[in-house]
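Read the structure below first, then the notes.
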Amino acid sequence: MITDVVIAGGGPNGLMLACELSLAGVRPVVLERLPQPSEEPKANGLLGQVVKMLDRRGLYERLSGSPEPPQPNSAYFMFGAMGLDLSLLEDSPIHALPAPQRRVEQVLRERAIELGVEIRRGHEVIGLSQDDDAVTVAVESPDGAYDLRARYLIGADGAHSTTRKLSGIEFPGITYDRMTVRSAHATVPADRIDPATGALNVPGYGAVLPFLPHRTERGGFSYAPMPGHPPLISTTEWDQPATDAPMSLDELRASIRRVLGVDVPLGPPDGEGPHALRRLTGGNTRVAERFADGRVFLIGDAAHVYAATGGGPGLNLGLQDAINLGWKLAAELRGSAPPGLLDSYETERRSAAHRMVLNAQAQSALIAPGSDVTGLRELFTELLRDPNTVRRLAELTAGADVRYDMGEPGAHPLIGRFAPDLELHTPTGPVRLAELTRTARPLLLDLTEEASLAKTLALRPGQVDIVTARPQPSAPAALLLRPDCYVAWASASPQPDPMEIETLRAALRRWFGVIHPARTTAARRSPQG
């Protein structure tokens with residue numbers, strides 16, 4: 001018996017992919033080597049485009065605990081520990097969701113189980129081989145070793161990915177061995193917290209705004225009061241002597257004194273754990289030489305890792321890898337994928353990964369110690385008074401500047417980009433675009449006069465979901481969305497002309513293998529003369 005898809009790794013990325021495949025009718029098997037979910041504190045939240053994407057799958061409400069849709073941060077953010085004044089922008093691309101990684105994993109695990117995904121805990125991939133038809137996965141489990149045959153194997157097994165290593169895929173990049181990051185959940189005196197801004201007041205240094213890193217010529221400091229948890233206090237230093245001693249609050253206090261030049265009184269954390277108390281020396285920014293090898297694919301940290309820049313870049317990017325791959329792999333398994341669709345996973349996600357490399361390296365350079373870096377930061381501070389510069393860096397941070405190659409030069413500016421939030425007026429009442437994309441299916445929004453597109457195309461049932469509606473005033477007249485919510489085609493015309501209709505047909509063929517019925521009939525007659 002051959003399983004369609006085996007996913008190595010039951011963390012957030014593997015579970016997200018399992019959900020996406022299940023929505024498309026594919027039931028994967030998830031192998032997770034840990035017998036129980038990890039309680040180790042990791043990423044503290046999600047940032048940018050992925051927050052809106054989770055809303056498009058109905059997961060944002062579960063994670064936020066609020067029925068309200070995600071709202072952009074329109075006040076203040078950071079790039080390289082320098083302030084981005086988002087109030088300069090008409091619409092901010094920065095969305096944040098303060099949810100610990102273990103909570104993200106819990107919600108995705110619950111959703112995967114709802115969708116019928118089989119999760120095998122304590123099962124670890126220890127070997128693989130592949131032929132033209134399938135991958136043979138060697139698995140070690142509590143009940144002994146066994147083999148599992150699958151049409152595809154997905155490595156979602158982290159930065160030290162066994163799947164990547166067994167596939168012989170190299171992992172080139174840069175190792176930073178000068179940097180030491182110390183972090184701990186700790187308490188601070190209540191009278192040090194500004195009730196209006198939430199800032200931590202540090203006598204002799206000044207106010208430290210929450211969640212936003214501060215840089216001095218000696219290192220970095222941040223204060224992150226996560227909801228329901230003690231604040232996470234962190235420092236970053238360079239060229240510190242190595243030590244094998246266990247991390248302690250005293251060590252963090254001494255590091256704060258070196259970075260800020262003053263003491264910050266820290267107490268042990270309140271409440272139930274797990275509580276962070278860790279020291280990380282060095283870091284890596286690496287991108288796999290390829291994201292696919294035959295029937296093996298990589299997502300998340302197995303494909304790319306980044307030295308810490310804030311905002312959990314690895315998790316944000318990995319979840320989007322899963323959403324990009326899921327619908328394409330399902331189409332391949334169904335036999336409905338047009339030529340080149342599965343190959344586009346690597347093309348598109350490698351470009352996004354390398355964009356994040358630029359982000360990570362630029363921010364690492366800007367937070368480094370030394371007076372020369374201080375001079376560079378003074379110049380950047382001047383540049384950050386320009387709204388265009390703020391927008392560019394905000395979009396880079398959010399991943400909102402990613403644009404896939406989907407259209408000809410001069411095509412509608414939305415093509416290749418993540419679909420904007422829209423409020424639509426349908427015959428049954430108002431609806432948000434996010435409510436229409438939760439099935440992870442191709443979607444044609446026909447906002448033209450008298451729903452002319454739906455009538456002209458005459459698509460067969462089940463090929464593409466079609467919604468006719470009246471849009472908000474600034475919306476385009478029509479949009480074709482891929483299941484990952486990127487725009488495959490768009491028109492600004494209330495009555496698209498024949499050339500636009502032809503480009504829409506081309507997009508339907510390119511991404512979904514949809515051939516217009518009239519064209520199909522003509523093609524069948526033509527060989528007969």
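Each chain in the structure tokens gets a letter, A, B and so on, in the order shown; residues start at 1 in every chain, and ligands are counted from 1 in the order they appear.
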
Based on the backbone DSSP call, show me all residues of stretch 95-294 of chain A assigned strand (DSSP E or B), as a CSV table (one decimal) with N, CA, C and O atoms, in the first residue's frame.
```csv
chain,number,residue,atom,x,y,z
A,96,ALA,N,0.6,41.8,13.5
A,96,ALA,CA,1.3,41.0,14.5
A,96,ALA,C,0.3,40.1,15.2
A,96,ALA,O,-0.9,40.6,15.4
A,97,LEU,N,0.7,39.0,15.6
A,97,LEU,CA,-0.1,38.1,16.4
A,97,LEU,C,0.7,37.5,17.5
A,97,LEU,O,1.5,36.6,17.3
A,118,GLU,N,-3.7,11.8,10.2
A,118,GLU,CA,-3.1,10.8,11.1
A,118,GLU,C,-1.7,11.3,11.6
A,118,GLU,O,-0.8,11.6,10.8
A,119,ILE,N,-1.5,11.5,12.9
A,119,ILE,CA,-0.3,12.0,13.5
A,119,ILE,C,0.3,10.9,14.3
A,119,ILE,O,-0.3,10.4,15.3
A,120,ARG,N,1.5,10.4,14.0
A,120,ARG,CA,2.2,9.4,14.7
A,120,ARG,C,3.3,9.9,15.5
A,120,ARG,O,4.4,10.3,15.0
A,121,ARG,N,3.1,10.0,16.8
A,121,ARG,CA,4.2,10.6,17.7
A,121,ARG,C,5.1,9.5,18.1
A,121,ARG,O,4.8,8.3,18.3
A,124,GLU,N,10.2,8.3,14.0
A,124,GLU,CA,11.3,9.1,13.5
A,124,GLU,C,11.8,8.5,12.2
A,124,GLU,O,12.0,7.3,12.1
A,125,VAL,N,12.0,9.4,11.2
A,125,VAL,CA,12.5,9.0,9.9
A,125,VAL,C,14.0,8.7,10.1
A,125,VAL,O,14.8,9.6,10.6
A,126,ILE,N,14.5,7.5,9.7
A,126,ILE,CA,15.9,7.2,9.9
A,126,ILE,C,16.5,6.8,8.5
A,126,ILE,O,17.8,6.6,8.5
A,127,GLY,N,15.8,6.7,7.5
A,127,GLY,CA,16.3,6.4,6.2
A,127,GLY,C,15.3,6.6,5.1
A,127,GLY,O,14.1,6.7,5.4
A,128,LEU,N,15.8,6.8,3.9
A,128,LEU,CA,14.8,6.9,2.7
A,128,LEU,C,15.5,6.5,1.5
A,128,LEU,O,16.8,6.6,1.3
A,129,SER,N,14.8,6.0,0.5
A,129,SER,CA,15.2,5.8,-0.8
A,129,SER,C,14.0,6.0,-1.7
A,129,SER,O,12.9,6.0,-1.3
A,130,GLN,N,14.3,6.4,-3.0
A,130,GLN,CA,13.1,6.6,-3.9
A,130,GLN,C,13.4,6.1,-5.2
A,130,GLN,O,14.5,5.9,-5.7
A,135,VAL,N,8.6,7.0,-2.6
A,135,VAL,CA,9.7,7.1,-1.6
A,135,VAL,C,9.4,6.0,-0.6
A,135,VAL,O,8.3,5.9,-0.1
A,136,THR,N,10.5,5.3,-0.3
A,136,THR,CA,10.4,4.3,0.8
A,136,THR,C,11.1,5.0,2.0
A,136,THR,O,12.2,5.3,2.0
A,137,VAL,N,10.3,5.2,3.1
A,137,VAL,CA,10.7,5.9,4.3
A,137,VAL,C,10.9,4.8,5.4
A,137,VAL,O,10.0,4.1,5.7
A,138,ALA,N,12.2,4.8,5.9
A,138,ALA,CA,12.5,3.9,7.0
A,138,ALA,C,12.2,4.6,8.3
A,138,ALA,O,12.6,5.8,8.5
A,139,VAL,N,11.4,4.0,9.2
A,139,VAL,CA,10.9,4.7,10.4
A,139,VAL,C,11.2,3.9,11.6
A,139,VAL,O,11.1,2.7,11.6
A,140,GLU,N,11.7,4.6,12.7
A,140,GLU,CA,11.9,4.0,14.0
A,140,GLU,C,10.7,4.4,14.9
A,140,GLU,O,10.4,5.6,14.9
A,141,SER,N,10.1,3.5,15.6
A,141,SER,CA,9.0,3.8,16.4
A,141,SER,C,9.1,3.1,17.7
A,141,SER,O,9.9,2.1,17.9
A,144,GLY,N,9.0,-0.6,17.2
A,144,GLY,CA,10.0,-1.2,16.3
A,144,GLY,C,10.1,-0.4,15.0
A,144,GLY,O,9.3,0.5,14.7
A,145,ALA,N,11.0,-0.8,14.2
A,145,ALA,CA,11.2,-0.2,12.9
A,145,ALA,C,10.3,-0.7,11.8
A,145,ALA,O,9.8,-1.9,11.9
A,146,TYR,N,9.9,0.1,10.9
A,146,TYR,CA,9.1,-0.3,9.8
A,146,TYR,C,9.3,0.6,8.6
A,146,TYR,O,9.9,1.7,8.7
A,147,ASP,N,8.9,0.2,7.4
A,147,ASP,CA,9.0,1.0,6.2
A,147,ASP,C,7.6,1.5,5.8
A,147,ASP,O,6.6,0.8,6.0
A,148,LEU,N,7.6,2.7,5.2
A,148,LEU,CA,6.4,3.3,4.7
A,148,LEU,C,6.6,3.8,3.3
A,148,LEU,O,7.6,4.5,3.1
A,149,ARG,N,5.8,3.4,2.4
A,149,ARG,CA,5.9,3.8,1.0
A,149,ARG,C,4.9,5.0,0.8
A,149,ARG,O,3.8,4.9,1.2
A,150,ALA,N,5.5,6.0,0.2
A,150,ALA,CA,4.7,7.2,-0.1
A,150,ALA,C,5.0,7.8,-1.4
A,150,ALA,O,6.1,7.7,-1.9
A,151,ARG,N,4.0,8.4,-2.1
A,151,ARG,CA,4.3,9.0,-3.3
A,151,ARG,C,5.2,10.3,-3.2
A,151,ARG,O,5.9,10.6,-4.1
A,152,TYR,N,5.0,10.9,-2.0
A,152,TYR,CA,5.9,12.1,-1.7
A,152,TYR,C,6.3,12.1,-0.2
A,152,TYR,O,5.4,11.7,0.6
A,153,LEU,N,7.5,12.6,0.0
A,153,LEU,CA,7.9,12.8,1.4
A,153,LEU,C,8.3,14.3,1.6
A,153,LEU,O,9.0,14.8,0.7
A,154,ILE,N,7.8,14.9,2.6
A,154,ILE,CA,8.0,16.3,2.9
A,154,ILE,C,8.9,16.4,4.2
A,154,ILE,O,8.5,15.9,5.2
A,155,GLY,N,10.0,17.0,4.1
A,155,GLY,CA,10.8,17.3,5.2
A,155,GLY,C,10.4,18.6,5.9
A,155,GLY,O,10.7,19.7,5.4
A,173,GLY,N,25.5,28.7,3.6
A,173,GLY,CA,25.1,29.9,4.2
A,173,GLY,C,26.2,30.5,5.1
A,173,GLY,O,27.4,30.2,4.8
A,174,ILE,N,25.9,31.2,6.0
A,174,ILE,CA,26.8,32.0,6.9
A,174,ILE,C,26.5,31.6,8.3
A,174,ILE,O,25.4,31.5,8.8
A,175,THR,N,27.6,31.3,9.1
A,175,THR,CA,27.5,31.1,10.5
A,175,THR,C,28.1,32.3,11.2
A,175,THR,O,29.2,32.8,10.9
A,176,TYR,N,27.3,32.8,12.2
A,176,TYR,CA,27.8,33.9,13.0
A,176,TYR,C,28.2,33.4,14.3
A,176,TYR,O,27.4,32.9,15.1
A,177,ASP,N,29.5,33.5,14.6
A,177,ASP,CA,30.0,32.8,15.9
A,177,ASP,C,30.4,33.9,16.9
A,177,ASP,O,30.9,33.5,18.0
A,178,ARG,N,30.1,35.2,16.7
A,178,ARG,CA,30.5,36.2,17.6
A,178,ARG,C,29.4,36.6,18.6
A,178,ARG,O,29.7,37.2,19.6
A,179,MET,N,28.2,36.3,18.2
A,179,MET,CA,27.0,36.8,18.9
A,179,MET,C,26.5,35.8,20.0
A,179,MET,O,26.5,34.6,19.8
A,180,THR,N,26.2,36.4,21.2
A,180,THR,CA,25.6,35.6,22.3
A,180,THR,C,24.3,36.3,22.6
A,180,THR,O,24.3,37.5,22.9
A,181,VAL,N,23.2,35.5,22.6
A,181,VAL,CA,21.9,36.0,23.0
A,181,VAL,C,21.5,35.3,24.3
A,181,VAL,O,21.5,34.1,24.4
A,182,ARG,N,21.1,36.1,25.3
A,182,ARG,CA,20.7,35.6,26.6
A,182,ARG,C,19.2,36.0,26.8
A,182,ARG,O,18.9,37.2,26.6
A,183,SER,N,18.4,35.1,27.2
A,183,SER,CA,16.9,35.3,27.3
A,183,SER,C,16.4,34.6,28.6
A,183,SER,O,16.8,33.5,28.9
A,184,ALA,N,15.5,35.3,29.2
A,184,ALA,CA,14.8,34.7,30.4
A,184,ALA,C,13.5,35.3,30.6
A,184,ALA,O,13.3,36.5,30.4
A,185,HIS,N,12.5,34.5,31.1
A,185,HIS,CA,11.3,35.0,31.6
A,185,HIS,C,11.6,35.5,33.1
A,185,HIS,O,12.2,34.8,33.8
A,187,THR,N,10.5,38.8,36.3
A,187,THR,CA,9.6,39.8,36.7
A,187,THR,C,10.5,41.1,36.9
A,187,THR,O,11.7,41.1,37.2
A,193,ILE,N,6.9,50.1,35.2
A,193,ILE,CA,6.2,50.0,33.9
A,193,ILE,C,5.3,51.2,33.7
A,193,ILE,O,4.5,51.5,34.6
A,200,LEU,N,9.1,49.9,29.7
A,200,LEU,CA,9.9,49.6,30.9
A,200,LEU,C,10.8,50.8,31.1
A,200,LEU,O,11.7,51.2,30.3
A,201,ASN,N,10.7,51.5,32.3
A,201,ASN,CA,11.5,52.7,32.6
A,201,ASN,C,12.8,52.2,33.3
A,201,ASN,O,12.7,51.6,34.3
A,202,VAL,N,13.9,52.5,32.7
A,202,VAL,CA,15.2,52.1,33.2
A,202,VAL,C,16.0,53.4,33.7
A,202,VAL,O,16.5,54.1,32.8
A,206,GLY,N,16.6,55.2,30.3
A,206,GLY,CA,15.4,55.8,29.6
A,206,GLY,C,14.4,54.7,29.5
A,206,GLY,O,14.4,53.6,30.1
A,207,ALA,N,13.4,55.0,28.7
A,207,ALA,CA,12.2,54.1,28.4
A,207,ALA,C,12.5,53.1,27.4
A,207,ALA,O,13.1,53.5,26.3
A,208,VAL,N,12.2,51.9,27.6
A,208,VAL,CA,12.4,50.8,26.6
A,208,VAL,C,10.9,50.3,26.3
A,208,VAL,O,10.2,49.7,27.0
A,214,HIS,N,16.4,47.5,21.6
A,214,HIS,CA,17.2,48.7,21.7
A,214,HIS,C,18.7,48.3,21.5
A,214,HIS,O,19.1,47.3,22.0
A,215,ARG,N,19.4,49.1,20.8
A,215,ARG,CA,20.8,48.9,20.5
A,215,ARG,C,21.7,49.9,21.1
A,215,ARG,O,21.4,51.1,21.0
A,216,THR,N,22.7,49.5,21.7
A,216,THR,CA,23.8,50.4,22.2
A,216,THR,C,25.1,50.0,21.5
A,216,THR,O,25.1,49.0,20.8
A,219,GLY,N,25.8,46.4,22.6
A,219,GLY,CA,24.9,45.3,22.4
A,219,GLY,C,23.5,45.7,22.3
A,219,GLY,O,23.2,46.8,22.0
A,220,GLY,N,22.6,44.7,22.5
A,220,GLY,CA,21.2,45.0,22.4
A,220,GLY,C,20.4,44.5,23.6
A,220,GLY,O,20.8,43.6,24.3
A,221,PHE,N,19.2,45.1,23.8
A,221,PHE,CA,18.3,44.8,24.9
A,221,PHE,C,16.9,44.8,24.5
A,221,PHE,O,16.5,45.7,23.7
A,222,SER,N,16.0,43.9,24.9
A,222,SER,CA,14.6,44.0,24.6
A,222,SER,C,13.8,43.5,25.8
A,222,SER,O,14.3,42.7,26.6
A,223,TYR,N,12.5,44.0,25.8
A,223,TYR,CA,11.6,43.7,26.9
A,223,TYR,C,10.3,43.3,26.2
A,223,TYR,O,9.7,44.1,25.5
A,224,ALA,N,9.8,42.0,26.4
A,224,ALA,CA,8.6,41.6,25.7
A,224,ALA,C,7.6,41.0,26.7
A,224,ALA,O,7.7,39.8,27.1
A,232,LEU,N,9.6,38.5,28.8
A,232,LEU,CA,10.8,37.9,28.3
A,232,LEU,C,11.8,39.0,28.1
A,232,LEU,O,11.7,39.9,27.3
A,233,ILE,N,12.9,38.9,28.9
A,233,ILE,CA,14.0,39.9,28.9
A,233,ILE,C,15.2,39.2,28.1
A,233,ILE,O,15.6,38.1,28.4
A,234,SER,N,15.7,40.0,27.1
A,234,SER,CA,16.8,39.5,26.3
A,234,SER,C,17.9,40.5,26.1
A,234,SER,O,17.7,41.7,26.1
A,235,THR,N,19.1,40.0,26.0
A,235,THR,CA,20.3,40.8,25.6
A,235,THR,C,21.0,40.1,24.4
A,235,THR,O,20.9,38.9,24.3
A,236,THR,N,21.7,40.9,23.7
A,236,THR,CA,22.6,40.5,22.6
A,236,THR,C,24.0,41.1,22.8
A,236,THR,O,24.1,42.3,23.0
A,237,GLU,N,25.0,40.3,22.8
A,237,GLU,CA,26.4,40.8,22.9
A,237,GLU,C,27.3,40.1,21.9
A,237,GLU,O,26.9,39.0,21.4
A,238,TRP,N,28.4,40.7,21.7
A,238,TRP,CA,29.4,40.2,20.8
A,238,TRP,C,30.7,39.9,21.5
A,238,TRP,O,31.1,40.6,22.5
A,267,GLY,N,13.5,39.7,38.9
A,267,GLY,CA,13.1,38.6,39.8
A,267,GLY,C,12.7,37.4,39.1
A,267,GLY,O,12.5,37.4,37.9
A,277,LEU,N,15.0,30.3,30.0
A,277,LEU,CA,16.3,30.6,30.7
A,277,LEU,C,17.4,30.0,29.8
A,277,LEU,O,17.8,28.9,30.0
A,278,ARG,N,17.9,30.8,28.9
A,278,ARG,CA,18.7,30.2,27.9
A,278,ARG,C,19.8,31.2,27.4
A,278,ARG,O,19.7,32.4,27.4
A,279,ARG,N,20.9,30.6,26.9
A,279,ARG,CA,22.0,31.3,26.3
A,279,ARG,C,22.2,30.6,24.9
A,279,ARG,O,22.5,29.4,24.8
A,280,LEU,N,22.2,31.5,23.9
A,280,LEU,CA,22.5,31.0,22.5
A,280,LEU,C,23.7,31.7,22.0
A,280,LEU,O,23.7,32.9,21.9
A,281,THR,N,24.7,30.9,21.6
A,281,THR,CA,25.9,31.5,21.0
A,281,THR,C,26.0,31.2,19.5
A,281,THR,O,25.8,30.1,19.1
A,282,GLY,N,26.1,32.3,18.8
A,282,GLY,CA,26.2,32.1,17.3
A,282,GLY,C,24.8,32.0,16.7
A,282,GLY,O,23.8,32.1,17.4
A,283,GLY,N,24.8,31.9,15.4
A,283,GLY,CA,23.6,31.7,14.7
A,283,GLY,C,23.9,31.4,13.2
A,283,GLY,O,25.0,31.6,12.8
A,284,ASN,N,22.9,31.1,12.5
A,284,ASN,CA,23.1,30.7,11.1
A,284,ASN,C,22.0,31.4,10.2
A,284,ASN,O,20.9,31.5,10.6
A,285,THR,N,22.5,31.8,9.0
A,285,THR,CA,21.6,32.1,8.0
A,285,THR,C,21.9,31.3,6.8
A,285,THR,O,23.0,31.4,6.2
A,286,ARG,N,21.0,30.3,6.4
A,286,ARG,CA,21.3,29.3,5.4
A,286,ARG,C,20.1,29.0,4.6
A,286,ARG,O,18.9,29.1,5.1
A,287,VAL,N,20.3,28.7,3.3
A,287,VAL,CA,19.2,28.3,2.4
A,287,VAL,C,19.6,27.1,1.7
A,287,VAL,O,20.7,27.0,1.1
A,292,ALA,N,13.8,20.7,-3.5
A,292,ALA,CA,13.1,19.4,-3.9
A,292,ALA,C,14.2,18.5,-4.5
A,292,ALA,O,15.2,19.0,-5.1
A,293,ASP,N,14.0,17.2,-4.2
A,293,ASP,CA,14.9,16.2,-4.8
A,293,ASP,C,14.0,15.0,-5.2
A,293,ASP,O,13.7,14.2,-4.4
```

### Task
Skip A:Pro100 itself and residues of its chain fewer than 3 positions away, then list as a count of residues only all residues within 9 Å of it, counting only C-alpha atoms.
10

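Across A:Gly375, A:Pro189, A:Pro420, A:Gly513, the tightest approach to A:Tyr486 is made by A:Pro420 when counting only C-alpha atoms.
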
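Relative to atom CA of A:Ala156, atom CA of A:Arg350 is found at 15.6 Å.
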
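With distances taken over only C-alpha atoms, A:Asp301 is the one residue among A:Asp301, A:Arg27, A:Val50, A:Pro269 lying closest to A:Gly9.
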
### Message
Quick one: residues within 9 Å of A:Ile367, only C-alpha atoms, excluding same-chain residues fewer than 2 positions away - as a PyMOL selection string?
### Response
chain A and resi 80-82+214-217+219-220+362-365+369+373-374+377

Mind running stretch 342-401 of chain A against stretch 92-95 of chain A at 8 Å and telling me each contacting residue's nearest atom pair with the distance in Å (one decimal), counting only C-alpha atoms, chain and number ascending, as a Markdown table?
```
| residue | atom | partner | partner_atom | distance |
| --- | --- | --- | --- | --- |
| A:Arg391 | CA | A:Ser92 | CA | 7.7 |
| A:Ala394 | CA | A:Pro93 | CA | 6.5 |
| A:Glu395 | CA | A:Pro93 | CA | 6.0 |
| A:Thr397 | CA | A:Ile94 | CA | 7.8 |
| A:Ala398 | CA | A:Ile94 | CA | 5.6 |
| A:Ala400 | CA | A:Pro93 | CA | 6.7 |
```

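Residues in contact range of A:Met16, defined as at most 7 Å between only C-alpha atoms, with sequence neighbours fewer than 6 positions away removed, read Leu108, Leu319 and Ala322 of chain A.
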